[in-house]
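Asker: Following this line is protein-v3.pdb, made up of PDB, C-alpha atoms, pLDDT in the B column:
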MODEL        1
ATOM      1  CA  MET A  64       2.542  22.796  20.010  1.00 95.00           C
ATOM      2  CA  ALA A  65       6.094  21.500  20.101  1.00 96.00           C
ATOM      3  CA  PHE A  66       7.673  20.012  16.972  1.00 97.00           C
ATOM      4  CA  LEU A  67      10.483  17.567  17.673  1.00 97.00           C
ATOM      5  CA  THR A  68      12.822  15.518  15.522  1.00 97.00           C
ATOM      6  CA  CYS A  69      14.504  12.610  17.287  1.00 95.00           C
ATOM      7  CA  ARG A  70      17.272  10.254  16.261  1.00 97.00           C
ATOM      8  CA  PHE A  71      17.400   6.931  18.026  1.00 96.00           C
ATOM      9  CA  ALA A  72      18.846   3.460  17.660  1.00 96.00           C
ATOM     10  CA  SER A  73      16.336   0.776  16.703  1.00 97.00           C
ATOM     11  CA  GLN A  74      17.051  -2.484  18.485  1.00 97.00           C
ATOM     12  CA  ILE A  75      14.944  -4.450  16.009  1.00 98.00           C
ATOM     13  CA  LEU A  76      16.483  -2.963  12.863  1.00 97.00           C
ATOM     14  CA  ASP A  77      19.987  -2.383  14.285  1.00 97.00           C
ATOM     15  CA  VAL A  78      20.153   1.041  12.645  1.00 96.00           C
ATOM     16  CA  THR A  79      19.695   4.684  13.595  1.00 97.00           C
ATOM     17  CA  LEU A  80      16.374   6.169  12.513  1.00 96.00           C
ATOM     18  CA  SER A  81      14.641   9.536  12.703  1.00 96.00           C
ATOM     19  CA  LEU A  82      11.211  10.285  14.079  1.00 97.00           C
ATOM     20  CA  SER A  83       9.180  13.503  13.900  1.00 98.00           C
ATOM     21  CA  ALA A  84       6.535  14.370  16.464  1.00 98.00           C
ATOM     22  CA  ILE A  85       4.060  17.155  17.179  1.00 98.00           C
ATOM     23  CA  VAL A  86       3.088  17.291  20.848  1.00 98.00           C
ATOM     24  CA  PRO A  87       0.831  19.670  22.813  1.00 97.00           C
ATOM     25  CA  GLU A  88       2.994  21.687  25.184  1.00 94.00           C
ATOM     26  CA  HIS A  89       0.513  22.455  27.944  1.00 88.00           C
ATOM     27  CA  ALA A  90      -1.716  19.391  28.152  1.00 88.00           C
ATOM     28  CA  SER A  91      -2.778  18.461  31.682  1.00 88.00           C
ATOM     29  CA  ALA A  92      -3.117  14.761  30.796  1.00 93.00           C
ATOM     30  CA  PRO A  93      -1.577  12.403  28.236  1.00 96.00           C
ATOM     31  CA  SER A  94      -2.665  13.513  24.767  1.00 97.00           C
ATOM     32  CA  PRO A  95      -4.598  11.389  22.277  1.00 98.00           C
ATOM     33  CA  VAL A  96      -2.183  10.238  19.601  1.00 98.00           C
ATOM     34  CA  LEU A  97      -2.230   9.800  15.844  1.00 98.00           C
ATOM     35  CA  TYR A  98       0.487   7.702  14.215  1.00 98.00           C
ATOM     36  CA  LEU A  99       0.773   9.361  10.796  1.00 98.00           C
ATOM     37  CA  LEU A 100       2.524   7.339   8.076  1.00 98.00           C
ATOM     38  CA  HIS A 101       4.347   8.604   4.990  1.00 98.00           C
ATOM     39  CA  GLY A 102       4.240   7.461   1.367  1.00 98.00           C
ATOM     40  CA  LEU A 103       6.694   5.569  -0.817  1.00 97.00           C
ATOM     41  CA  SER A 104       8.906   8.518  -1.797  1.00 95.00           C
ATOM     42  CA  ASP A 105       8.746  10.382   1.520  1.00 97.00           C
ATOM     43  CA  ASP A 106      10.180  10.228   5.021  1.00 97.00           C
ATOM     44  CA  ASP A 107       9.175  11.287   8.533  1.00 98.00           C
ATOM     45  CA  SER A 108       9.392  14.985   7.615  1.00 98.00           C
ATOM     46  CA  ALA A 109       6.881  14.877   4.742  1.00 98.00           C
ATOM     47  CA  TRP A 110       3.643  15.588   6.609  1.00 98.00           C
ATOM     48  CA  GLN A 111       5.226  18.527   8.434  1.00 97.00           C
ATOM     49  CA  ARG A 112       6.760  19.936   5.230  1.00 97.00           C
ATOM     50  CA  PHE A 113       3.895  19.518   2.787  1.00 98.00           C
ATOM     51  CA  SER A 114       0.782  19.927   4.937  1.00 98.00           C
ATOM     52  CA  ALA A 115      -0.331  22.092   7.855  1.00 98.00           C
ATOM     53  CA  ILE A 116      -0.730  19.099  10.158  1.00 98.00           C
ATOM     54  CA  GLU A 117       0.741  20.945  13.155  1.00 98.00           C
ATOM     55  CA  ARG A 118      -1.875  23.690  12.958  1.00 97.00           C
ATOM     56  CA  TYR A 119      -4.691  21.188  12.427  1.00 98.00           C
ATOM     57  CA  ALA A 120      -3.622  18.921  15.293  1.00 98.00           C
ATOM     58  CA  GLU A 121      -3.468  21.873  17.701  1.00 96.00           C
ATOM     59  CA  ASN A 122      -7.234  22.312  17.371  1.00 95.00           C
ATOM     60  CA  TYR A 123      -7.748  18.853  18.877  1.00 96.00           C
ATOM     61  CA  GLY A 124      -4.981  18.687  21.469  1.00 97.00           C
ATOM     62  CA  LEU A 125      -3.652  15.780  19.422  1.00 98.00           C
ATOM     63  CA  ALA A 126      -0.104  14.415  19.431  1.00 98.00           C
ATOM     64  CA  VAL A 127       1.142  13.212  16.032  1.00 98.00           C
ATOM     65  CA  ILE A 128       3.923  10.633  15.686  1.00 98.00           C
ATOM     66  CA  MET A 129       5.538  10.420  12.231  1.00 98.00           C
ATOM     67  CA  PRO A 130       8.050   7.565  11.818  1.00 98.00           C
ATOM     68  CA  GLN A 131      10.577   6.937   9.050  1.00 97.00           C
ATOM     69  CA  VAL A 132      10.300   3.552   7.308  1.00 98.00           C
ATOM     70  CA  GLY A 133      11.920   4.062   3.901  1.00 97.00           C
ATOM     71  CA  ARG A 134      10.333   2.279   0.929  1.00 97.00           C
ATOM     72  CA  SER A 135       9.384  -0.756   3.005  1.00 98.00           C
ATOM     73  CA  TYR A 136       5.597  -0.937   2.595  1.00 98.00           C
ATOM     74  CA  TYR A 137       5.552  -1.212   6.389  1.00 98.00           C
ATOM     75  CA  THR A 138       6.393  -4.887   5.971  1.00 98.00           C
ATOM     76  CA  ASP A 139       8.880  -7.397   7.368  1.00 98.00           C
ATOM     77  CA  MET A 140      10.945  -7.796   4.208  1.00 98.00           C
ATOM     78  CA  ALA A 141      11.769 -11.226   2.826  1.00 97.00           C
ATOM     79  CA  PHE A 142      15.298  -9.949   2.067  1.00 97.00           C
ATOM     80  CA  GLY A 143      15.753  -7.018   4.398  1.00 96.00           C
ATOM     81  CA  PRO A 144      14.785  -5.469   7.731  1.00 97.00           C
ATOM     82  CA  ALA A 145      11.708  -6.286   9.811  1.00 98.00           C
ATOM     83  CA  TRP A 146       9.934  -2.968   9.301  1.00 98.00           C
ATOM     84  CA  TYR A 147       6.508  -4.130  10.481  1.00 98.00           C
ATOM     85  CA  ARG A 148       7.998  -5.417  13.742  1.00 98.00           C
ATOM     86  CA  PHE A 149       9.637  -2.021  14.224  1.00 98.00           C
ATOM     87  CA  LEU A 150       6.372  -0.222  13.519  1.00 98.00           C
ATOM     88  CA  SER A 151       4.146  -2.382  15.687  1.00 98.00           C
ATOM     89  CA  GLU A 152       6.459  -3.344  18.553  1.00 98.00           C
ATOM     90  CA  GLU A 153       9.235  -0.785  18.955  1.00 98.00           C
ATOM     91  CA  LEU A 154       7.771   2.490  17.716  1.00 98.00           C
ATOM     92  CA  PRO A 155       4.911   2.640  20.272  1.00 98.00           C
ATOM     93  CA  LEU A 156       7.277   1.859  23.161  1.00 98.00           C
ATOM     94  CA  ILE A 157       9.755   4.531  22.069  1.00 97.00           C
ATOM     95  CA  SER A 158       6.981   7.083  21.529  1.00 98.00           C
ATOM     96  CA  GLU A 159       5.368   6.387  24.906  1.00 97.00           C
ATOM     97  CA  ARG A 160       8.716   6.801  26.665  1.00 96.00           C
ATOM     98  CA  LEU A 161       9.627  10.037  24.911  1.00 96.00           C
ATOM     99  CA  PHE A 162       6.292  11.857  24.726  1.00 97.00           C
ATOM    100  CA  PRO A 163       3.278  12.394  27.043  1.00 96.00           C
ATOM    101  CA  ILE A 164       0.825  10.433  24.891  1.00 98.00           C
ATOM    102  CA  SER A 165      -2.127   8.284  25.821  1.00 97.00           C
ATOM    103  CA  THR A 166      -1.851   4.497  25.821  1.00 97.00           C
ATOM    104  CA  ARG A 167      -5.637   4.006  25.811  1.00 97.00           C
ATOM    105  CA  ARG A 168      -7.090   2.360  22.718  1.00 98.00           C
ATOM    106  CA  GLU A 169      -9.905   4.930  22.688  1.00 97.00           C
ATOM    107  CA  GLU A 170      -7.320   7.695  22.170  1.00 98.00           C
ATOM    108  CA  THR A 171      -4.975   5.940  19.736  1.00 98.00           C
ATOM    109  CA  PHE A 172      -5.330   6.285  15.946  1.00 98.00           C
ATOM    110  CA  VAL A 173      -3.343   5.630  12.767  1.00 98.00           C
ATOM    111  CA  ALA A 174      -3.513   7.220   9.305  1.00 99.00           C
ATOM    112  CA  GLY A 175      -1.388   7.529   6.201  1.00 98.00           C
ATOM    113  CA  LEU A 176      -1.235   8.390   2.523  1.00 98.00           C
ATOM    114  CA  SER A 177      -0.462   6.112  -0.430  1.00 98.00           C
ATOM    115  CA  MET A 178       1.971   3.463   0.910  1.00 98.00           C
ATOM    116  CA  GLY A 179       1.174   4.869   4.357  1.00 98.00           C
ATOM    117  CA  GLY A 180      -2.547   4.285   3.816  1.00 98.00           C
ATOM    118  CA  TYR A 181      -1.758   0.634   3.242  1.00 98.00           C
ATOM    119  CA  GLY A 182       0.426   0.610   6.352  1.00 98.00           C
ATOM    120  CA  ALA A 183      -2.267   2.281   8.461  1.00 98.00           C
ATOM    121  CA  PHE A 184      -5.008  -0.166   7.496  1.00 98.00           C
ATOM    122  CA  LYS A 185      -2.682  -3.168   7.823  1.00 98.00           C
ATOM    123  CA  TRP A 186      -1.537  -2.147  11.308  1.00 98.00           C
ATOM    124  CA  ALA A 187      -5.070  -1.446  12.507  1.00 98.00           C
ATOM    125  CA  LEU A 188      -6.594  -4.611  11.027  1.00 98.00           C
ATOM    126  CA  ARG A 189      -3.798  -6.803  12.392  1.00 98.00           C
ATOM    127  CA  GLU A 190      -3.828  -5.153  15.821  1.00 98.00           C
ATOM    128  CA  PRO A 191      -7.393  -3.934  16.417  1.00 98.00           C
ATOM    129  CA  GLU A 192      -6.862  -3.972  20.169  1.00 97.00           C
ATOM    130  CA  ARG A 193      -4.485  -0.985  19.750  1.00 98.00           C
ATOM    131  CA  PHE A 194      -6.525   1.398  17.557  1.00 98.00           C
ATOM    132  CA  ALA A 195      -9.969   2.932  17.780  1.00 98.00           C
ATOM    133  CA  ALA A 196      -9.780   4.216  14.199  1.00 98.00           C
ATOM    134  CA  ALA A 197      -7.626   4.165  11.066  1.00 98.00           C
ATOM    135  CA  ALA A 198      -7.625   6.321   7.924  1.00 99.00           C
ATOM    136  CA  SER A 199      -6.229   5.899   4.423  1.00 98.00           C
ATOM    137  CA  LEU A 200      -5.783   8.722   1.903  1.00 98.00           C
ATOM    138  CA  SER A 201      -5.127   7.536  -1.672  1.00 98.00           C
ATOM    139  CA  GLY A 202      -3.966   4.274  -0.162  1.00 98.00           C
ATOM    140  CA  SER A 203      -2.018   1.622  -2.041  1.00 98.00           C
ATOM    141  CA  LEU A 204      -4.494  -0.873  -0.627  1.00 98.00           C
ATOM    142  CA  ASP A 205      -4.203  -3.816  -3.053  1.00 98.00           C
ATOM    143  CA  ILE A 206      -0.645  -5.012  -2.416  1.00 98.00           C
ATOM    144  CA  VAL A 207      -1.085  -7.980  -4.777  1.00 97.00           C
ATOM    145  CA  ALA A 208      -1.995  -5.604  -7.621  1.00 97.00           C
ATOM    146  CA  VAL A 209       1.111  -3.501  -6.876  1.00 97.00           C
ATOM    147  CA  GLY A 210       3.281  -6.505  -7.769  1.00 96.00           C
ATOM    148  CA  GLN A 211       1.337  -7.113 -10.983  1.00 94.00           C
ATOM    149  CA  ARG A 212       1.986  -3.667 -12.475  1.00 94.00           C
ATOM    150  CA  ASP A 213       4.115  -3.379 -15.598  1.00 92.00           C
ATOM    151  CA  THR A 214       6.711  -1.565 -13.479  1.00 93.00           C
ATOM    152  CA  PRO A 215       6.278  -2.464  -9.793  1.00 94.00           C
ATOM    153  CA  PRO A 216       8.502  -0.693  -7.252  1.00 94.00           C
ATOM    154  CA  PRO A 217      12.047  -2.099  -7.516  1.00 95.00           C
ATOM    155  CA  GLU A 218      11.943  -3.088  -3.833  1.00 95.00           C
ATOM    156  CA  TYR A 219       8.876  -5.274  -4.305  1.00 97.00           C
ATOM    157  CA  PRO A 220      10.670  -8.632  -4.870  1.00 96.00           C
ATOM    158  CA  LEU A 221      12.893  -7.897  -1.861  1.00 97.00           C
ATOM    159  CA  ILE A 222       9.873  -7.196   0.319  1.00 98.00           C
ATOM    160  CA  PHE A 223       7.671 -10.020  -0.939  1.00 96.00           C
ATOM    161  CA  ASP A 224       9.612 -13.104  -2.010  1.00 91.00           C
ATOM    162  CA  GLN A 225       6.335 -14.693  -3.121  1.00 92.00           C
ATOM    163  CA  THR A 226       2.911 -13.205  -3.723  1.00 94.00           C
ATOM    164  CA  PRO A 227       1.451 -11.750  -0.511  1.00 97.00           C
ATOM    165  CA  SER A 228      -2.015 -12.949  -1.516  1.00 97.00           C
ATOM    166  CA  GLY A 229      -3.789 -14.547   1.440  1.00 97.00           C
ATOM    167  CA  THR A 230      -1.128 -13.521   3.982  1.00 97.00           C
ATOM    168  CA  ASP A 231      -1.235 -11.009   6.841  1.00 98.00           C
ATOM    169  CA  ASP A 232       0.216  -8.459   4.416  1.00 98.00           C
ATOM    170  CA  ASP A 233      -2.873  -8.728   2.164  1.00 98.00           C
ATOM    171  CA  LEU A 234      -5.583  -6.306   3.311  1.00 98.00           C
ATOM    172  CA  PHE A 235      -8.268  -8.360   1.582  1.00 98.00           C
ATOM    173  CA  ALA A 236      -7.217 -11.431   3.565  1.00 98.00           C
ATOM    174  CA  LEU A 237      -7.304  -9.362   6.767  1.00 98.00           C
ATOM    175  CA  LEU A 238     -10.831  -8.212   5.955  1.00 98.00           C
ATOM    176  CA  ALA A 239     -11.913 -11.852   6.007  1.00 95.00           C
ATOM    177  CA  ARG A 240     -11.344 -11.833   9.781  1.00 95.00           C
ATOM    178  CA  TYR A 241     -14.152  -9.312  10.119  1.00 97.00           C
ATOM    179  CA  GLN A 242     -16.979 -11.081   8.313  1.00 95.00           C
ATOM    180  CA  THR A 243     -18.761 -11.136  11.670  1.00 96.00           C
ATOM    181  CA  PRO A 244     -18.465  -8.499  14.415  1.00 95.00           C
ATOM    182  CA  GLN A 245     -15.349  -8.843  16.567  1.00 94.00           C
ATOM    183  CA  PRO A 246     -14.754  -7.740  20.189  1.00 93.00           C
ATOM    184  CA  CYS A 247     -12.302  -5.106  18.904  1.00 94.00           C
ATOM    185  CA  GLN A 248     -12.503  -3.619  15.448  1.00 96.00           C
ATOM    186  CA  PRO A 249     -11.312  -0.201  14.295  1.00 98.00           C
ATOM    187  CA  ALA A 250     -13.505   2.272  12.476  1.00 98.00           C
ATOM    188  CA  LEU A 251     -12.107   2.976   8.989  1.00 98.00           C
ATOM    189  CA  PHE A 252     -11.978   6.203   6.952  1.00 98.00           C
ATOM    190  CA  GLN A 253     -11.056   5.934   3.269  1.00 98.00           C
ATOM    191  CA  TRP A 254     -10.631   8.661   0.661  1.00 98.00           C
ATOM    192  CA  CYS A 255      -9.232   8.592  -2.863  1.00 98.00           C
ATOM    193  CA  GLY A 256      -9.384  11.018  -5.772  1.00 98.00           C
ATOM    194  CA  ARG A 257     -11.235   9.791  -8.838  1.00 98.00           C
ATOM    195  CA  GLU A 258      -8.309  10.734 -11.125  1.00 98.00           C
ATOM    196  CA  ASP A 259      -5.785   8.897  -8.933  1.00 98.00           C
ATOM    197  CA  PHE A 260      -4.057   5.863 -10.481  1.00 97.00           C
ATOM    198  CA  LEU A 261      -4.875   4.005  -7.251  1.00 98.00           C
ATOM    199  CA  TYR A 262      -8.612   4.696  -7.507  1.00 98.00           C
ATOM    200  CA  PRO A 263      -9.497   1.215  -8.892  1.00 98.00           C
ATOM    201  CA  ASP A 264      -7.607  -0.423  -6.001  1.00 98.00           C
ATOM    202  CA  ASN A 265      -9.493   1.782  -3.560  1.00 98.00           C
ATOM    203  CA  LEU A 266     -12.845   0.849  -5.079  1.00 98.00           C
ATOM    204  CA  ARG A 267     -12.022  -2.841  -4.694  1.00 98.00           C
ATOM    205  CA  PHE A 268     -11.123  -2.350  -1.048  1.00 98.00           C
ATOM    206  CA  LYS A 269     -14.254  -0.277  -0.414  1.00 98.00           C
ATOM    207  CA  GLU A 270     -16.493  -2.974  -1.866  1.00 98.00           C
ATOM    208  CA  ALA A 271     -14.777  -5.711   0.157  1.00 98.00           C
ATOM    209  CA  ALA A 272     -14.915  -3.691   3.388  1.00 98.00           C
ATOM    210  CA  GLN A 273     -18.598  -2.894   2.897  1.00 96.00           C
ATOM    211  CA  HIS A 274     -19.286  -6.638   2.839  1.00 96.00           C
ATOM    212  CA  SER A 275     -17.536  -7.023   6.204  1.00 97.00           C
ATOM    213  CA  ALA A 276     -18.685  -6.147   9.716  1.00 97.00           C
ATOM    214  CA  LEU A 277     -16.338  -3.132   9.799  1.00 98.00           C
ATOM    215  CA  ALA A 278     -17.637   0.442   9.873  1.00 97.00           C
ATOM    216  CA  LEU A 279     -16.189   2.130   6.758  1.00 98.00           C
ATOM    217  CA  ASP A 280     -16.589   5.859   6.100  1.00 98.00           C
ATOM    218  CA  TRP A 281     -15.888   6.086   2.348  1.00 98.00           C
ATOM    219  CA  HIS A 282     -15.257   9.285   0.398  1.00 98.00           C
ATOM    220  CA  ASP A 283     -14.017  10.171  -3.058  1.00 98.00           C
ATOM    221  CA  GLY A 284     -13.964  13.292  -5.171  1.00 97.00           C
ATOM    222  CA  PRO A 285     -11.941  15.207  -7.753  1.00 97.00           C
ATOM    223  CA  GLY A 286      -8.211  14.719  -7.380  1.00 97.00           C
ATOM    224  CA  ASP A 287      -5.115  12.746  -8.236  1.00 98.00           C
ATOM    225  CA  HIS A 288      -2.000  11.735  -6.273  1.00 98.00           C
ATOM    226  CA  GLN A 289      -0.970  15.128  -4.850  1.00 98.00           C
ATOM    227  CA  TRP A 290      -0.345  16.783  -1.518  1.00 98.00           C
ATOM    228  CA  ARG A 291      -2.924  19.547  -2.082  1.00 97.00           C
ATOM    229  CA  TYR A 292      -5.642  16.901  -1.788  1.00 98.00           C
ATOM    230  CA  TRP A 293      -4.067  15.129   1.186  1.00 98.00           C
ATOM    231  CA  ASP A 294      -3.725  18.418   3.057  1.00 98.00           C
ATOM    232  CA  ARG A 295      -7.475  18.972   2.677  1.00 98.00           C
ATOM    233  CA  GLN A 296      -8.453  15.426   3.527  1.00 98.00           C
ATOM    234  CA  ILE A 297      -6.325  15.108   6.675  1.00 98.00           C
ATOM    235  CA  GLN A 298      -8.471  17.911   8.106  1.00 98.00           C
ATOM    236  CA  ARG A 299     -11.515  15.779   7.376  1.00 98.00           C
ATOM    237  CA  VAL A 300      -9.860  12.812   9.064  1.00 98.00           C
ATOM    238  CA  LEU A 301      -9.144  14.783  12.238  1.00 98.00           C
ATOM    239  CA  LYS A 302     -12.777  15.934  12.447  1.00 98.00           C
ATOM    240  CA  TRP A 303     -13.873  12.298  12.009  1.00 98.00           C
ATOM    241  CA  LEU A 304     -11.621  10.830  14.709  1.00 98.00           C
ATOM    242  CA  PRO A 305     -13.519   9.978  17.917  1.00 95.00           C
ATOM    243  CA  ILE A 306     -11.610  12.354  20.161  1.00 90.00           C
ATOM    244  CA  ASP A 307     -13.690  12.960  23.285  1.00 70.00           C
ATOM    245  CA  ARG A 308     -11.690  15.819  24.726  1.00 53.00           C
ATOM    246  CA  PRO A 309     -12.087  19.548  23.929  1.00 53.00           C
ATOM    247  CA  ALA A 310      -9.560  21.394  21.832  1.00 46.00           C
ATOM    248  CA  LEU A 311      -6.574  22.710  23.760  1.00 44.00           C
ATOM    249  CA  ARG A 312      -5.535  26.214  22.761  1.00 43.00           C
ATOM    250  CA  VAL A 313      -2.884  28.345  24.417  1.00 40.00           C
ATOM    251  CA  PHE A 314      -2.708  32.050  23.622  1.00 30.00           C
TER     252      PHE A 314
ENDMDL
END
Mind turning this structure into structure tokens?
Answerer:
Amino acid sequence: MAFLTCRFASQILDVTLSLSAIVPEHASAPSPVLYLLHGLSDDDSAWQRFSAIERYAENYGLAVIMPQVGRSYYTDMAFGPAWYRFLSEELPLISERLFPISTRREETFVAGLSMGGYGAFKWALREPERFAAAASLSGSLDIVAVGQRDTPPPEYPLIFDQTPSGTDDDLFALLARYQTPQPCQPALFQWCGREDFLYPDNLRFKEAAQHSALALDWHDGPGDHQWRYWDRQIQRVLKWLPIDRPALRVF
């Protein structure tokens, strides 16, 4: 596997960003790809630094694209940059130009932890024609509840000028689009530790998703908001992804 860090100029954001990627070196065809999103306090290096994602991805011949989005909640900010436009429009084009990755929906996936779990589900539910599957680990899935905390993130009023309830940034509003089966709809994987402060939010999302036409694979277990749990669970996610090709190993 090759690990690459790229710096590039975003045309949408008008700023230089970094991007980390893990790419199979000897694949004979474009590799299936996982867009892997970081949490609120992290950046594009976090998954590589704090988990063994490179070793896990090698077993599946899977490319992993890890973008940097700051503390944006993967959202077009009311008073700031258009981070969701960057994620959904520019990032795939840049990745497809730079790396030998598949553009087929059946081989394209998205996952993330905490803020990144919210971003992964939002991207997949808003653009189901792009993703076969999406996964959230300890996701911050109730964005309305985030703003109602005693101490919400300081960026919250800059991101959401008004409550996001009922908008395309509200996962519960997006679920309403899937009350009946749709031509394209991603499979969902959700995990959260029972001691995690986001566990109640995850239970609410699970219950809402189970009343939709979406296929949700729900898991919980012991654990709070820590990398040792996410490192274990990302292995579970990779086994769950519908990757139809054999593992690629080079010795």
Asker: Written as a PyMOL selection string, which residues does the PyMOL selection byres ((chain A and resi 230) around 12) give for the file shown?
Answerer: chain A and resi 138+185+189+206-207+223+225-229+231-240
Asker: Starting from the displayed file, determine the output of the PyMOL selection byres ((chain A and resi 109) around 12) and express the residue list as an mmCIF file with C-alpha atoms, in the coordinates of the input.
Answerer:
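Writing done, so here's result-v7.cif:
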data_model
loop_
_atom_site.group_PDB
_atom_site.id
_atom_site.type_symbol
_atom_site.label_atom_id
_atom_site.label_comp_id
_atom_site.auth_asym_id
_atom_site.auth_seq_id
_atom_site.Cartn_x
_atom_site.Cartn_y
_atom_site.Cartn_z
ATOM 1 C CA LEU A 82 11.211 10.285 14.079
ATOM 2 C CA SER A 83 9.180 13.503 13.900
ATOM 3 C CA ALA A 84 6.535 14.370 16.464
ATOM 4 C CA LEU A 99 0.773 9.361 10.796
ATOM 5 C CA LEU A 100 2.524 7.339 8.076
ATOM 6 C CA HIS A 101 4.347 8.604 4.990
ATOM 7 C CA GLY A 102 4.240 7.461 1.367
ATOM 8 C CA LEU A 103 6.694 5.569 -0.817
ATOM 9 C CA SER A 104 8.906 8.518 -1.797
ATOM 10 C CA ASP A 105 8.746 10.382 1.520
ATOM 11 C CA ASP A 106 10.180 10.228 5.021
ATOM 12 C CA ASP A 107 9.175 11.287 8.533
ATOM 13 C CA SER A 108 9.392 14.985 7.615
ATOM 14 C CA TRP A 110 3.643 15.588 6.609
ATOM 15 C CA GLN A 111 5.226 18.527 8.434
ATOM 16 C CA ARG A 112 6.760 19.936 5.230
ATOM 17 C CA PHE A 113 3.895 19.518 2.787
ATOM 18 C CA SER A 114 0.782 19.927 4.937
ATOM 19 C CA ALA A 115 -0.331 22.092 7.855
ATOM 20 C CA ILE A 116 -0.730 19.099 10.158
ATOM 21 C CA MET A 129 5.538 10.420 12.231
ATOM 22 C CA PRO A 130 8.050 7.565 11.818
ATOM 23 C CA GLN A 131 10.577 6.937 9.050
ATOM 24 C CA GLY A 133 11.920 4.062 3.901
ATOM 25 C CA GLY A 175 -1.388 7.529 6.201
ATOM 26 C CA LEU A 176 -1.235 8.390 2.523
ATOM 27 C CA GLY A 179 1.174 4.869 4.357
ATOM 28 C CA TRP A 290 -0.345 16.783 -1.518
ATOM 29 C CA TRP A 293 -4.067 15.129 1.186
ATOM 30 C CA ASP A 294 -3.725 18.418 3.057
#
Asker: What do you get, as an mmCIF file with C-alpha atoms, in the coordinates of the input, if you spell out every residue that the PyMOL selection byres ((chain A and resi 286) around 6) selects here?
Answerer:
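Contents of expr_19.cif, freshly written:
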data_model
loop_
_atom_site.group_PDB
_atom_site.id
_atom_site.type_symbol
_atom_site.label_atom_id
_atom_site.label_comp_id
_atom_site.auth_asym_id
_atom_site.auth_seq_id
_atom_site.Cartn_x
_atom_site.Cartn_y
_atom_site.Cartn_z
ATOM 1 C CA GLY A 256 -9.384 11.018 -5.772
ATOM 2 C CA ARG A 257 -11.235 9.791 -8.838
ATOM 3 C CA GLU A 258 -8.309 10.734 -11.125
ATOM 4 C CA PRO A 285 -11.941 15.207 -7.753
ATOM 5 C CA ASP A 287 -5.115 12.746 -8.236
#
Asker: Quick one: everything within 6 Å of region 191-196 of chain A, counting only C-alpha atoms, minus sequence neighbours fewer than 6 positions away in the same chain. Send it as a list in words.
Answerer: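 With the cut-off at 6 Å, the set is Arg168, Glu169, Thr171, Phe172, Cys247, Gln248, Pro249, Ala250 and Leu251 of chain A.
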Asker: In Å, how far is it from CA of Ser91 (chain A) to CA of Cys69 (chain A)?
Answerer: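 The value is 23.2 Å.
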Asker: When you count all atoms listed in the file, which of these residues is closest to Ala198 (chain A): A:Val132, A:Ala92, A:Leu76, A:Val300?
Answerer: A:Val300
Asker: Hey, which of A:Leu156, A:Ala145, A:Ile128, A:Ala174 ends up closest to Trp186 (chain A)? Count only C-alpha atoms.
Answerer: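 Using only C-alpha atoms, Trp186 (chain A) sits closest to A:Ala174.
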Asker: Do you have the CA of Gln211 (chain A)-CA of Asp264 (chain A) distance handy?
Answerer: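 Interatomic distance, CA of Gln211 (chain A) to CA of Asp264 (chain A): 12.2 Å.
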Asker: Anything within 12 Å of (-7.7, 3.0, -2.5): list those residues as a ChimeraX atom specification, counting only C-alpha atoms and sticking to the file's coordinates.
Answerer: /A:175-181,184,198-206,208-209,234,252-272,281-283,287-288
Asker: When you count only C-alpha atoms, which of these residues is closest to Thr68 (chain A): A:Ile297, A:Ala183, A:Val86, A:Leu188?
Answerer: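 The shortest atom-to-atom distance to Thr68 (chain A) comes from A:Val86.
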Asker: Take CA of Ser135 (chain A) and CA of Ala187 (chain A) and report the distance between them in Å, one decimal.
Answerer: 17.3 Å
Asker: Tell me which of A:Leu221, A:Ala197, A:Ala120, A:Leu301 sits closest to Ala65 (chain A), counting all atoms listed in the file.
Answerer: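 Using all atoms listed in the file, the shortest distance to Ala65 (chain A) belongs to A:Ala120.
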Asker: With all atoms of region 112-130 of chain A from the file as input, state the centre and edge lengths in Å to one decimal of the axis-aligned box that has 4 Å extra on each side, as AutoDock Vina command-line options.
Answerer:
--center_x 0.2 --center_y 15.6 --center_z 12.1 --size_x 23.8 --size_y 24.1 --size_z 26.7
